[in-house]
Each structure stands twice: as structure tokens, then as C-alpha cells.
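Visitor: Next comes the structure file target-v7.txt, holding compact mmCIF, C-alpha atoms and all ligand atoms.
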# COMPACT_ATOMS: atom_id res chain seq x y z
CA MET C 1 0.23 -9.98 -39.50
CA THR C 2 0.41 -10.10 -35.70
CA LEU C 3 -1.32 -7.56 -33.51
CA LYS C 4 0.50 -6.02 -30.52
CA ILE C 5 -1.13 -4.45 -27.47
CA SER C 6 1.03 -2.43 -25.04
CA VAL C 7 -0.16 -1.11 -21.69
CA PRO C 8 1.87 1.16 -19.38
CA ALA C 9 2.68 0.66 -15.72
CA THR C 10 0.91 2.98 -13.30
CA SER C 11 1.74 4.63 -10.02
CA ALA C 12 -1.42 4.95 -7.94
CA ASN C 13 -2.56 7.07 -4.99
CA LEU C 14 0.06 9.86 -5.21
CA GLY C 15 -0.32 10.18 -1.45
CA PRO C 16 -3.83 11.31 -0.51
CA GLY C 17 -5.48 10.26 -3.81
CA PHE C 18 -6.07 6.82 -2.33
CA ASP C 19 -7.95 4.46 -4.71
CA SER C 20 -8.69 7.44 -6.95
CA VAL C 21 -5.58 9.01 -8.55
CA GLY C 22 -2.95 7.40 -10.78
CA LEU C 23 -0.16 8.29 -13.17
CA ALA C 24 0.88 6.25 -16.24
CA VAL C 25 4.65 5.65 -16.32
CA SER C 26 7.16 4.35 -18.84
CA LEU C 27 7.34 0.60 -18.15
CA TYR C 28 5.23 -1.66 -20.36
CA LEU C 29 3.38 -4.96 -20.62
CA THR C 30 3.17 -6.05 -24.26
CA ILE C 31 1.18 -8.92 -25.73
CA GLU C 32 1.47 -10.16 -29.29
CA ILE C 33 -1.50 -12.02 -30.65
CA LEU C 34 -0.05 -14.79 -32.83
CA GLU C 35 -1.82 -17.55 -34.79
CA PRO C 36 -5.16 -19.20 -33.89
CA SER C 37 -4.70 -22.49 -32.09
CA ASP C 38 -6.61 -25.43 -30.53
CA MET C 39 -5.90 -24.08 -27.07
CA TRP C 40 -4.91 -20.77 -25.55
CA HIS C 41 -1.23 -20.60 -24.72
CA ILE C 42 0.85 -17.68 -23.43
CA ASP C 43 4.56 -17.77 -24.09
CA HIS C 44 6.32 -15.67 -21.41
CA GLU C 45 9.40 -15.51 -19.21
CA LEU C 46 7.74 -14.06 -16.13
CA GLY C 47 8.37 -17.09 -13.94
CA ASP C 48 6.64 -20.31 -12.90
CA ASP C 49 4.08 -18.50 -10.73
CA VAL C 50 2.52 -16.84 -13.78
CA PRO C 51 0.22 -19.31 -15.59
CA SER C 52 0.56 -19.89 -19.34
CA ASP C 53 -3.02 -21.05 -19.86
CA THR C 54 -6.54 -19.72 -19.24
CA ARG C 55 -5.73 -19.30 -15.53
CA ASN C 56 -3.56 -16.32 -16.49
CA LEU C 57 -5.28 -13.04 -15.50
CA LEU C 58 -4.96 -11.86 -19.14
CA LEU C 59 -7.11 -14.71 -20.44
CA GLU C 60 -9.40 -14.81 -17.38
CA THR C 61 -10.21 -11.17 -18.14
CA ALA C 62 -10.54 -11.56 -21.93
CA LEU C 63 -12.82 -14.59 -21.57
CA GLN C 64 -14.93 -12.85 -18.95
CA VAL C 65 -15.51 -10.03 -21.46
CA ALA C 66 -15.99 -12.32 -24.50
CA PRO C 67 -16.38 -16.03 -23.55
CA ASP C 68 -16.50 -17.31 -27.17
CA LEU C 69 -13.16 -15.96 -28.40
CA VAL C 70 -11.21 -18.28 -30.72
CA PRO C 71 -8.08 -19.52 -28.86
CA HIS C 72 -4.77 -18.02 -30.00
CA GLN C 73 -1.09 -18.29 -29.22
CA ILE C 74 0.03 -15.22 -27.30
CA LYS C 75 3.49 -13.87 -26.58
CA MET C 76 3.68 -11.78 -23.40
CA THR C 77 6.63 -9.62 -22.34
CA SER C 78 6.72 -7.14 -19.47
CA ASP C 79 9.17 -4.91 -17.68
CA ILE C 80 6.56 -4.05 -15.03
CA PRO C 81 7.68 -5.84 -11.85
CA LEU C 82 5.00 -7.98 -10.21
CA ALA C 83 3.45 -6.98 -6.87
CA ARG C 84 5.70 -3.92 -6.46
CA GLY C 85 3.13 -1.10 -6.55
CA LEU C 86 3.46 -0.30 -10.25
CA GLY C 87 0.12 -1.65 -11.43
CA SER C 88 1.18 -5.01 -12.89
CA SER C 89 -2.26 -6.56 -12.31
CA SER C 90 -4.04 -3.57 -13.86
CA SER C 91 -1.80 -3.69 -16.94
CA VAL C 92 -2.80 -7.33 -17.50
CA ILE C 93 -6.50 -6.64 -16.90
CA VAL C 94 -6.47 -3.71 -19.35
CA ALA C 95 -4.56 -5.81 -21.92
CA GLY C 96 -7.11 -8.64 -21.45
CA ILE C 97 -10.02 -6.29 -22.12
CA GLU C 98 -8.27 -4.96 -25.24
CA LEU C 99 -7.51 -8.52 -26.38
CA ALA C 100 -11.24 -9.33 -26.17
CA ASN C 101 -12.06 -6.02 -27.86
CA GLN C 102 -9.74 -6.70 -30.82
CA LEU C 103 -10.35 -10.43 -31.33
CA GLY C 104 -14.09 -10.20 -30.64
CA GLN C 105 -14.50 -6.95 -32.64
CA LEU C 106 -16.49 -5.53 -29.73
CA ASP C 107 -15.86 -1.86 -30.50
CA LEU C 108 -15.72 -1.01 -26.78
CA SER C 109 -15.50 2.69 -25.92
CA ASP C 110 -12.75 3.82 -23.55
CA ASP C 111 -15.39 4.53 -20.90
CA LYS C 112 -16.72 0.99 -21.22
CA LYS C 113 -13.17 -0.41 -20.94
CA LEU C 114 -12.71 1.65 -17.77
CA ALA C 115 -16.01 0.40 -16.31
CA ILE C 116 -15.09 -3.26 -16.94
CA ALA C 117 -11.51 -2.85 -15.71
CA THR C 118 -12.62 -1.05 -12.55
CA GLN C 119 -15.14 -3.77 -11.77
CA ILE C 120 -12.44 -6.45 -12.09
CA GLU C 121 -9.65 -4.55 -10.25
CA GLY C 122 -11.99 -3.11 -7.60
CA HIS C 123 -10.78 0.52 -7.87
CA PRO C 124 -10.00 2.78 -10.85
CA ASP C 125 -6.69 4.39 -9.82
CA ASN C 126 -4.38 2.05 -11.76
CA VAL C 127 -6.63 0.92 -14.62
CA ALA C 128 -7.68 4.46 -15.61
CA PRO C 129 -4.18 5.80 -16.41
CA ALA C 130 -3.29 2.42 -17.94
CA ILE C 131 -6.11 3.03 -20.44
CA PHE C 132 -5.78 6.79 -20.98
CA GLY C 133 -2.15 7.57 -20.13
CA ASN C 134 -1.17 10.74 -18.19
CA LEU C 135 -2.63 11.63 -14.79
CA VAL C 136 -6.18 10.43 -14.13
CA VAL C 137 -8.48 11.21 -11.22
CA ALA C 138 -11.42 8.82 -10.97
CA SER C 139 -14.24 7.90 -8.65
CA THR C 140 -16.31 4.71 -8.58
CA ARG C 141 -19.58 4.50 -6.70
CA ASP C 142 -22.47 2.08 -7.23
CA ASP C 143 -20.64 0.60 -10.25
CA LYS C 144 -20.47 4.01 -11.99
CA THR C 145 -17.01 5.40 -12.71
CA CYS C 146 -16.34 9.07 -13.51
CA HIS C 147 -12.89 10.26 -14.46
CA VAL C 148 -10.87 13.32 -15.52
CA MET C 149 -7.55 12.95 -17.36
CA THR C 150 -4.98 15.72 -17.47
CA CYS C 151 -1.33 16.21 -18.37
CA MET C 152 1.04 15.84 -15.42
CA PRO C 153 2.97 19.05 -14.64
CA GLU C 154 6.64 18.73 -15.60
CA THR C 155 8.52 16.59 -13.09
CA GLY C 156 11.27 14.02 -12.92
CA LEU C 157 10.33 10.59 -11.53
CA LEU C 158 12.68 8.29 -9.66
CA ALA C 159 11.35 4.93 -8.48
CA PHE C 160 13.04 2.78 -5.87
CA ILE C 161 11.73 -0.73 -6.55
CA PRO C 162 12.63 -3.05 -3.65
CA ASN C 163 13.64 -6.61 -4.41
CA TYR C 164 10.71 -8.00 -2.38
CA GLU C 165 7.04 -8.32 -3.30
CA LEU C 166 4.14 -6.77 -1.43
CA LYS C 167 0.77 -7.99 -2.63
CA THR C 168 -1.97 -5.36 -2.70
CA SER C 169 -4.23 -7.65 -0.66
CA ASP C 170 -1.61 -7.86 2.12
CA SER C 171 -0.94 -4.13 2.03
CA ARG C 172 -4.68 -3.36 2.31
CA ARG C 173 -5.00 -5.59 5.36
CA VAL C 174 -3.09 -3.09 7.55
CA LEU C 175 -5.51 -0.23 6.77
CA PRO C 176 -8.20 0.81 9.26
CA SER C 177 -11.72 -0.34 8.50
CA GLU C 178 -13.26 2.94 9.67
CA PHE C 179 -12.37 6.63 9.90
CA ALA C 180 -13.71 9.22 12.30
CA TYR C 181 -15.76 11.89 10.48
CA LYS C 182 -13.26 14.60 11.46
CA THR C 183 -10.32 12.59 10.12
CA ALA C 184 -12.15 11.85 6.86
CA VAL C 185 -12.85 15.57 6.36
CA ALA C 186 -9.20 16.43 7.03
CA ALA C 187 -7.94 13.63 4.73
CA SER C 188 -10.18 14.70 1.87
CA SER C 189 -9.23 18.37 2.28
CA VAL C 190 -5.56 17.40 1.80
CA ALA C 191 -6.51 15.39 -1.29
CA ASN C 192 -8.59 18.26 -2.69
CA VAL C 193 -5.70 20.74 -2.44
CA ALA C 194 -3.26 18.14 -3.88
CA ILE C 195 -5.46 17.65 -6.94
CA ALA C 196 -6.13 21.37 -7.37
CA ALA C 197 -2.38 22.04 -7.22
CA LEU C 198 -1.62 19.27 -9.75
CA PHE C 199 -4.26 20.64 -12.11
CA SER C 200 -2.94 24.18 -11.78
CA GLY C 201 0.63 23.00 -12.40
CA ASP C 202 1.94 23.96 -8.95
CA MET C 203 4.31 21.06 -8.21
CA VAL C 204 5.69 22.66 -5.04
CA LEU C 205 2.28 22.83 -3.36
CA ALA C 206 1.20 19.51 -4.87
CA GLY C 207 4.33 17.85 -3.48
CA LYS C 208 3.70 19.26 -0.01
CA MET C 209 0.13 17.96 -0.05
CA LEU C 210 1.17 14.56 -1.47
CA GLU C 211 3.24 14.08 1.68
CA GLU C 212 0.36 14.95 3.99
CA ASP C 213 -1.69 11.87 3.14
CA LEU C 214 -3.86 10.64 6.01
CA PHE C 215 -5.48 7.69 4.23
CA HIS C 216 -2.82 5.00 3.96
CA GLU C 217 0.91 5.78 4.14
CA GLN C 218 1.16 5.99 7.96
CA TYR C 219 -0.25 2.45 8.21
CA ARG C 220 1.84 0.99 5.41
CA GLY C 221 5.15 2.63 6.26
CA LYS C 222 6.18 -0.26 8.47
CA LEU C 223 5.82 -2.67 5.53
CA VAL C 224 8.38 -0.66 3.53
CA PRO C 225 11.34 0.16 5.81
CA GLU C 226 13.17 2.13 3.08
CA PHE C 227 10.28 4.62 2.70
CA ALA C 228 11.14 6.98 5.60
CA ALA C 229 14.84 7.11 4.73
CA ILE C 230 14.14 7.90 1.06
CA ARG C 231 11.63 10.60 2.01
CA LYS C 232 14.29 12.16 4.25
CA ILE C 233 16.77 12.20 1.34
CA GLY C 234 14.03 13.78 -0.78
CA HIS C 235 13.65 16.58 1.79
CA ASP C 236 17.41 17.10 2.03
CA GLU C 237 17.70 17.36 -1.76
CA GLY C 238 14.63 19.55 -2.31
CA ALA C 239 12.44 16.98 -4.08
CA TYR C 240 8.78 17.87 -4.65
CA ALA C 241 7.50 14.73 -2.92
CA THR C 242 8.23 11.14 -1.96
CA TYR C 243 5.26 8.75 -1.76
CA LEU C 244 4.42 5.08 -1.64
CA SER C 245 3.55 4.02 -5.19
CA GLY C 246 0.23 2.12 -5.19
CA ALA C 247 0.14 -0.38 -2.36
CA GLY C 248 3.96 -0.36 -2.19
CA PRO C 249 6.67 -1.40 -1.85
CA THR C 250 7.94 0.92 -4.64
CA VAL C 251 8.83 4.38 -3.34
CA MET C 252 8.41 7.19 -5.89
CA VAL C 253 10.31 10.45 -5.75
CA MET C 254 9.11 13.45 -7.75
CA ALA C 255 11.65 16.22 -8.26
CA GLU C 256 12.82 18.73 -10.83
CA LYS C 257 14.57 16.80 -13.59
CA ASN C 258 17.94 18.43 -12.85
CA LYS C 259 17.82 17.04 -9.29
CA ILE C 260 17.29 13.42 -10.25
CA ALA C 261 20.97 12.48 -10.77
CA GLN C 262 21.93 13.74 -7.29
CA LEU C 263 18.92 12.00 -5.70
CA LYS C 264 19.92 8.79 -7.45
CA GLN C 265 23.44 9.05 -6.07
CA LYS C 266 22.23 9.74 -2.50
CA ILE C 267 19.69 6.90 -2.49
CA SER C 268 22.20 4.47 -4.09
CA ALA C 269 24.64 5.25 -1.28
CA GLU C 270 22.17 3.71 1.20
CA GLN C 271 22.65 0.35 -0.58
CA PHE C 272 19.03 -0.69 -0.22
CA ALA C 273 18.29 -3.99 -1.93
CA GLY C 274 16.41 -3.14 -5.09
CA ASP C 275 16.53 -1.09 -8.30
CA LEU C 276 16.53 2.66 -8.79
CA VAL C 277 14.79 3.49 -12.04
CA GLU C 278 14.27 6.86 -13.66
CA LEU C 279 10.83 6.96 -15.28
CA ALA C 280 8.86 9.30 -17.52
CA VAL C 281 5.14 9.97 -17.73
CA ASP C 282 3.41 7.82 -20.36
CA THR C 283 1.03 10.02 -22.33
CA THR C 284 -0.55 7.33 -24.54
CA GLY C 285 -2.11 4.62 -22.37
CA ILE C 286 -3.15 1.48 -24.30
CA HIS C 287 -1.26 1.30 -27.57
CA ILE C 288 -2.29 -0.99 -30.41
CA GLY C 289 0.12 -1.68 -33.27
CA ASN C 290 1.67 -4.33 -35.47
N1 LIG S 301 1.87 -10.48 -16.58
C1 LIG S 301 1.04 -11.06 -15.70
N2 LIG S 301 0.35 -12.17 -16.04
C2 LIG S 301 -0.51 -12.73 -15.15
N3 LIG S 301 -0.75 -12.27 -13.92
C3 LIG S 301 -0.09 -11.18 -13.54
C4 LIG S 301 0.84 -10.51 -14.40
N4 LIG S 301 1.31 -9.42 -13.77
C5 LIG S 301 0.73 -9.42 -12.55
N5 LIG S 301 -0.11 -10.46 -12.40
C6 LIG S 301 -0.89 -10.84 -11.21
O1 LIG S 301 -1.05 -9.71 -10.39
C7 LIG S 301 -0.48 -9.93 -9.09
C8 LIG S 301 0.11 -8.66 -8.54
O2 LIG S 301 -0.96 -7.79 -8.30
P1 LIG S 301 -0.97 -6.79 -7.08
O3 LIG S 301 -2.24 -6.01 -7.19
O4 LIG S 301 -0.68 -7.54 -5.82
O5 LIG S 301 0.30 -5.85 -7.36
P2 LIG S 301 0.57 -4.79 -8.48
O6 LIG S 301 -0.63 -4.69 -9.39
O7 LIG S 301 1.86 -5.10 -9.13
O8 LIG S 301 0.76 -3.48 -7.60
P3 LIG S 301 -0.23 -2.24 -7.25
O9 LIG S 301 -1.65 -2.69 -7.48
O10 LIG S 301 0.07 -1.91 -5.81
O11 LIG S 301 0.19 -1.14 -8.16
C9 LIG S 301 0.61 -10.98 -9.36
O12 LIG S 301 0.94 -11.67 -8.18
C10 LIG S 301 -0.10 -11.85 -10.40
O13 LIG S 301 -1.03 -12.72 -9.77
N1 LIG S 302 -5.17 2.18 -4.34
C1 LIG S 302 -4.63 0.85 -4.26
C2 LIG S 302 -3.56 0.70 -5.33
C3 LIG S 302 -3.01 -0.69 -5.42
O1 LIG S 302 -3.87 -1.54 -6.10
C4 LIG S 302 -4.03 0.64 -2.89
O2 LIG S 302 -3.28 1.51 -2.44
O3 LIG S 302 -4.31 -0.40 -2.25
What would you get if you wrote out this structure as C-alpha cells?
Ligand SMILES: Nc1ncnc2c1ncn2[C@@H]1O[C@H](COP(=O)(O)OP(=O)(O)OP(=O)(O)O)[C@@H](O)[C@H]1O
Ligand SMILES: N[C@@H](CCO)C(=O)O

Guide:
Amino acid sequence: MTLKISVPATSANLGPGFDSVGLAVSLYLTIEILEPSDMWHIDHELGDDVPSDTRNLLLETALQVAPDLVPHQIKMTSDIPLARGLGSSSSVIVAGIELANQLGQLDLSDDKKLAIATQIEGHPDNVAPAIFGNLVVASTRDDKTCHVMTCMPETGLLAFIPNYELKTSDSRRVLPSEFAYKTAVAASSVANVAIAALFSGDMVLAGKMLEEDLFHEQYRGKLVPEFAAIRKIGHDEGAYATYLSGAGPTVMVMAEKNKIAQLKQKISAEQFAGDLVELAVDTTGIHIGN
């Protein structure tokens, strides 16, 4: 019997929750662990740039966690677009840790998986919701990660996924290396109210605060020309918030579910090159099945 591991996509930052907040959403990376083999091989249709051998991030991660694993044939499928701000790298890292956990019978706790994944990815905002599902707020300092998971208040989600890639490393390069004390205090106060509003279920206030981010969106906006226009449509149509998903270029709109069809129509009319995808919150995180 084959074993299947599925990991959801994730939308990180939610505005001011930079490197700390993420939401699991309904696109998935799935790996099937097939028969043992002389060499590791991953069968996938994700393009020539994605390795099929131990250079693939899935196997790099699994072998970092458990170097002596017996090689297997793996089938990998994913509808999470690469380098688009929907946590594709985190989904692979989390799947790699689970692959090592299952094949190596390591009995890793969820907290241990989060610690390993955060160390590899560098920040917890995508890997945490990929593991736990839902909305997760996390902090990593001195290699210690603390997190709180909660249910997302009811909201519709509409993602505009441009047809170009933006690698996280490139999108981080435009950020300032330092912040004045006063700016840091203001930026964290916005984040604090955003999180408090999300946890109290107040999507109107949360949405307002999501759009007042001071940490990253003003620097990255120029990398995603569609962002400002979509946010304007969001305002015109009474959406809760429009934010840059992860490092971009995906733009996420949060709005009452009954407003999503109209938003879709308005954004489609702009004829931006890319896909408009309605998403739901994933409440499961890593899923293991047959
Ligand atoms: N299925 C996969 N198999 C192997 N490597 C992958 C896979 N999916 C993503 N990657 C690696 O992750 C890189 C993309 O990671 P990057 O952090 O730039 O973007 P992202 O994770 O999609 O977006 P974000 O972190 O902003 O949410 C790809 O270029 C590739 O190297
Ligand atoms: N918090 C990260 C998410 C993408 O990995 C960033 O915005 O750069």
C-alpha cells in the first residue's frame, strides 16, 4: 500500500504580520511514497527546473532530517504555483520532514516539525500553517519557535496569481536593512491590532489594519504592478483587505463571500496576465493517507 502526504499552500504576512503570520489555503502539494528502489527518484510534471533526484528540496530536506533513509520512488503532484507567494517551498520542506518522519519512524511531534521546518525555511510564517492548517501566528528567536493557531474568521479569499515568478530572495532584497525605533513601534502596533482583531473575529478592523502594513508592502509594491489597481478595486467593492501574499507576486483579496463574484468580474475586466482563483481556508495542515 502506498502512503500519501498532502501539504497545503500558505499565504504569509497578511500585511503587517511580516515573517510571523500565515494562513493555510486550499491548494496542495501531494507526494506518494511508492516502492523502495536503488536510487531516489521523483516522478513529477513540474518542469525541467525542478530536480527529480536528491537535489530536489523534498529529498534534501528528508535526508537532512534522516540521512539513512532507504531510497524510494516518489510521485509528486502540486497545484501550488512556484515562486508566486503561496508557500511552494514551505510545502515541499514540510512534506520532506513528514517523509523522513514516516519512512524513518521518527515519531516527530508537531512542535519538532515546526522547529526543523523553520530552521530550513528561515522564518515560520509559511511552514507553521502548512503543518497545522488555519491561521498561525509564530515567532522565532534564538532558534526557539513559539506559535498560536486559531480558526480564521469567516471570509472569502480571491487570489490573483500573476503569470510571472518572483523569488522570495529577490523580493527580500528590496526591503530596508534597518528601521528607526519610532517606525518599528508604529509597525508593530499596527500588527498587534491586526492580530487582536483577527482573534476576536472582527474582519472589518482586521482588514483595515492589514492594509496599514509598514514592514514590507510599500517596498515591494513596485515589483507587483497589479497590486495597487487590485487594492483600489477592493476598496470600491467593499472588500475587507487586499494584501501581497507572502513575498508576492500573488495579490490576495479578503471579502465577504457574497462579494467575491463581483470582485472577480471587476478584476478580470482589467485583463491582467495571470489567474484569478477563489480559495478556501485549509483547516487540516499536513494530511497523511493512503
Ligand atoms: N515541488 C517542488 N519541488 C522542488 N522544489 C520546489 C518545489 N516547489 C518549490 N520549490 C522550490 O522553491 C522555490 C520557490 O520558493 P520561493 O520561496 O522563492 O517562493 P514560494 O515559496 O513559492 O513563495 P513565498 O515563500 O513567497 O510564499 C522554487 O524556485 C523551487 O526552487
Ligand atoms: N515572510 C516572507 C514570506 C515569503 O517567504 C516574506 O515576505 O519574505

Visitor: Once 8 Å is added on each side, what centre and edge lengths in Å to one decimal does the axis-aligned box around all listed atoms of ligand LIG 301 (chain S) have, as JSON?

Guide:
{"center_x": -0.2, "center_y": -6.9, "center_z": -11.2, "size_x": 20.1, "size_y": 27.6, "size_z": 26.8}

Visitor: What separation in Å, quoted to one decimal, exists between CA of Ile93 in chain C and CA of Pro176 in chain C?

Guide: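 Distance between the two atoms: 27.3 Å.
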
Visitor: Taking into account only C-alpha atoms and all ligand atoms, which residue in the set C:Asp125, C:Asp110, C:Glu178, C:Glu237 is nearest to ligand LIG 301 (chain S)?

Guide: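 Selected residue with least distance to ligand LIG 301 (chain S): C:Asp125.
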
Visitor: List all protein, DNA and RNA residues that have an atom no more than 6 Å from any atom of ligand LIG 301 (chain S), counting all atoms listed in the file, and report them as a list in words.

Guide: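 Listing the residues within 6 Å of ligand LIG 301 (chain S) gives Val50, Asn56, Leu57, Leu82, Ala83, Arg84, Gly85, Leu86, Gly87, Ser88, Ser89, Ser90, Val92, Lys167, Thr168, Gly246, Ala247 and Gly248 of chain C.
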
Visitor: Set the distance at 10 Å and use only C-alpha atoms: which residues neighbour Ser37 in chain C once local chain neighbours fewer than 2 positions away are removed? I'd like the list as a PyMOL selection string.

Guide: chain C and resi 34-35+39-41+70-74

Visitor: Keeping only C-alpha atoms, write the selected residues to a file as a PDB file, in the frame of the given file.

Guide:
ATOM      1  CA  LEU C  34      -0.050 -14.790 -32.830  1.00  0.00           C
ATOM      2  CA  GLU C  35      -1.820 -17.550 -34.790  1.00  0.00           C
ATOM      3  CA  MET C  39      -5.900 -24.080 -27.070  1.00  0.00           C
ATOM      4  CA  TRP C  40      -4.910 -20.770 -25.550  1.00  0.00           C
ATOM      5  CA  HIS C  41      -1.230 -20.600 -24.720  1.00  0.00           C
ATOM      6  CA  VAL C  70     -11.210 -18.280 -30.720  1.00  0.00           C
ATOM      7  CA  PRO C  71      -8.080 -19.520 -28.860  1.00  0.00           C
ATOM      8  CA  HIS C  72      -4.770 -18.020 -30.000  1.00  0.00           C
ATOM      9  CA  GLN C  73      -1.090 -18.290 -29.220  1.00  0.00           C
ATOM     10  CA  ILE C  74       0.030 -15.220 -27.300  1.00  0.00           C
TER      11      ILE C  74
END

Visitor: Select, from C:Ile5, C:Ile267, C:Leu23, C:Ala186, the residue with the minimum atom-to-atom distance to Asn134 in chain C, counting all atoms listed in the file.

Guide: C:Leu23

Visitor: Compile the contact shell of Leu69 in chain C as JSON, numbers by chain: residues with an atom at most 7 Å away, counting all atoms listed in the file, same-chain residues fewer than 3 positions apart removed.

Guide: {"C": [63, 66, 103, 104]}

Visitor: Let me see the file: selected residues, C-alpha atoms, as a PDB file, in the frame of the given file.

Guide:
ATOM      1  CA  LEU C  63     -12.820 -14.590 -21.570  1.00  0.00           C
ATOM      2  CA  ALA C  66     -15.990 -12.320 -24.500  1.00  0.00           C
ATOM      3  CA  LEU C 103     -10.350 -10.430 -31.330  1.00  0.00           C
ATOM      4  CA  GLY C 104     -14.090 -10.200 -30.640  1.00  0.00           C
TER       5      GLY C 104
END

Visitor: Write out as a PyMOL selection string each polymer residue whose atoms come within 12 Å of range 255-262 of chain C, counting all atoms listed in the file; drop sequence neighbours fewer than 4 positions from it.

Guide: chain C and resi 153-159+203-204+206-208+231+233-243+266-269+276-280

Visitor: Could you check the closest approach to ligand LIG 302 (chain S) for each of C:Ser139, C:Thr2, C:Ser169, C:Ser26 and tell me which residue wins, using only C-alpha atoms and all ligand atoms?

Guide: C:Ser169

Visitor: Excluding same-chain residues fewer than 6 positions from Phe132 in chain C, what lies within 7 Å of it counting only C-alpha atoms, as an MDAnalysis selection string?

Guide: chainID C and resid 284:286

Visitor: Scan for residues within 6 Å of the point (15.6, -4.0, -1.7) in the coordinates of the file, using only C-alpha atoms, and reply as a list of chain:residue names.

Guide: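 Nearby residues: C:Pro162, C:Asn163, C:Phe272, C:Ala273, C:Gly274.
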
Visitor: Name the closest residue to ligand LIG 302 (chain S) among the candidates C:Gly133, C:Pro51, C:Pro225, C:Gly22; distances are taken between atoms, counting all atoms listed in the file.

Guide: C:Gly22

Visitor: At a cut-off of 7 Å from (-0.3, -10.3, -32.5) in the coordinates of the file, what residues are picked up using only C-alpha atoms, written as a list of chain:residue names?

Guide: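 The residues near that point, listed by chain and number, are C:Thr2, C:Leu3, C:Lys4, C:Glu32, C:Ile33, C:Leu34, C:Asn290.
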
Visitor: Looking at C:Val94, C:Ile161, C:Leu210, C:Leu46, which one is nearest to Asn126 in chain C, with distances taken over only C-alpha atoms?

Guide: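 Under the stated criterion, the closest residue is C:Val94.
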
Visitor: Figure out the distance between CA of Leu166 in chain C and CA of Val185 in chain C, please, to one decimal in Å.

Guide: 29.1 Å

Visitor: Residues at most 12 Å from Ile116 in chain C, counting all atoms listed in the file, excluding those fewer than 2 positions away in the same chain, as number ranges by chain?

Guide: C: 61-62, 64-66, 90, 93-98, 100-101, 108-114, 118-124, 127-128, 131, 140, 143-145

Visitor: I need the residue nearest Asp282 in chain C from this list: C:Ile42, C:Val190, C:Leu135, C:Ala115. Use only C-alpha atoms for the distance.

Guide: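 With only C-alpha atoms as the atom set, the closest residue is C:Leu135.
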
Visitor: Hey, can you check how far CA of Ser245 in chain C sits from CA of Glu45 in chain C?

Guide: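 Interatomic distance here is 24.7 Å.
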
Visitor: Could I get range 199-213 of chain C rebuilt with N, CA and C atoms, written as a PDB file, in the coordinates of the input?

Guide:
ATOM      1  N   PHE C 199      -3.561  20.135 -10.923  1.00  0.00           N
ATOM      2  CA  PHE C 199      -4.260  20.640 -12.110  1.00  0.00           C
ATOM      3  C   PHE C 199      -3.862  22.075 -12.444  1.00  0.00           C
ATOM      4  N   SER C 200      -3.367  22.817 -11.443  1.00  0.00           N
ATOM      5  CA  SER C 200      -2.940  24.180 -11.780  1.00  0.00           C
ATOM      6  C   SER C 200      -1.432  24.236 -12.056  1.00  0.00           C
ATOM      7  N   GLY C 201      -0.783  23.062 -12.026  1.00  0.00           N
ATOM      8  CA  GLY C 201       0.630  23.000 -12.400  1.00  0.00           C
ATOM      9  C   GLY C 201       1.579  23.438 -11.300  1.00  0.00           C
ATOM     10  N   ASP C 202       1.093  23.502 -10.061  1.00  0.00           N
ATOM     11  CA  ASP C 202       1.940  23.960  -8.950  1.00  0.00           C
ATOM     12  C   ASP C 202       2.542  22.735  -8.256  1.00  0.00           C
ATOM     13  N   MET C 203       3.698  22.292  -8.740  1.00  0.00           N
ATOM     14  CA  MET C 203       4.310  21.060  -8.210  1.00  0.00           C
ATOM     15  C   MET C 203       4.821  21.238  -6.784  1.00  0.00           C
ATOM     16  N   VAL C 204       5.179  22.465  -6.406  1.00  0.00           N
ATOM     17  CA  VAL C 204       5.690  22.660  -5.040  1.00  0.00           C
ATOM     18  C   VAL C 204       4.563  22.414  -4.030  1.00  0.00           C
ATOM     19  N   LEU C 205       3.414  23.036  -4.266  1.00  0.00           N
ATOM     20  CA  LEU C 205       2.280  22.830  -3.360  1.00  0.00           C
ATOM     21  C   LEU C 205       1.756  21.390  -3.469  1.00  0.00           C
ATOM     22  N   ALA C 206       1.684  20.886  -4.688  1.00  0.00           N
ATOM     23  CA  ALA C 206       1.200  19.510  -4.870  1.00  0.00           C
ATOM     24  C   ALA C 206       2.074  18.546  -4.067  1.00  0.00           C
ATOM     25  N   GLY C 207       3.401  18.743  -4.177  1.00  0.00           N
ATOM     26  CA  GLY C 207       4.330  17.850  -3.480  1.00  0.00           C
ATOM     27  C   GLY C 207       4.131  17.900  -1.975  1.00  0.00           C
ATOM     28  N   LYS C 208       3.926  19.099  -1.454  1.00  0.00           N
ATOM     29  CA  LYS C 208       3.700  19.260  -0.010  1.00  0.00           C
ATOM     30  C   LYS C 208       2.443  18.492   0.405  1.00  0.00           C
ATOM     31  N   MET C 209       1.393  18.630  -0.374  1.00  0.00           N
ATOM     32  CA  MET C 209       0.130  17.960  -0.050  1.00  0.00           C
ATOM     33  C   MET C 209       0.235  16.436  -0.234  1.00  0.00           C
ATOM     34  N   LEU C 210       0.995  16.013  -1.245  1.00  0.00           N
ATOM     35  CA  LEU C 210       1.170  14.560  -1.470  1.00  0.00           C
ATOM     36  C   LEU C 210       1.741  13.908  -0.214  1.00  0.00           C
ATOM     37  N   GLU C 211       2.590  14.658   0.490  1.00  0.00           N
ATOM     38  CA  GLU C 211       3.240  14.080   1.680  1.00  0.00           C
ATOM     39  C   GLU C 211       2.391  14.218   2.937  1.00  0.00           C
ATOM     40  N   GLU C 212       1.201  14.816   2.798  1.00  0.00           N
ATOM     41  CA  GLU C 212       0.360  14.950   3.990  1.00  0.00           C
ATOM     42  C   GLU C 212      -0.789  13.946   3.999  1.00  0.00           C
ATOM     43  N   ASP C 213      -0.649  12.909   3.199  1.00  0.00           N
ATOM     44  CA  ASP C 213      -1.690  11.870   3.140  1.00  0.00           C
ATOM     45  C   ASP C 213      -2.090  11.377   4.528  1.00  0.00           C
TER      46      ASP C 213
END
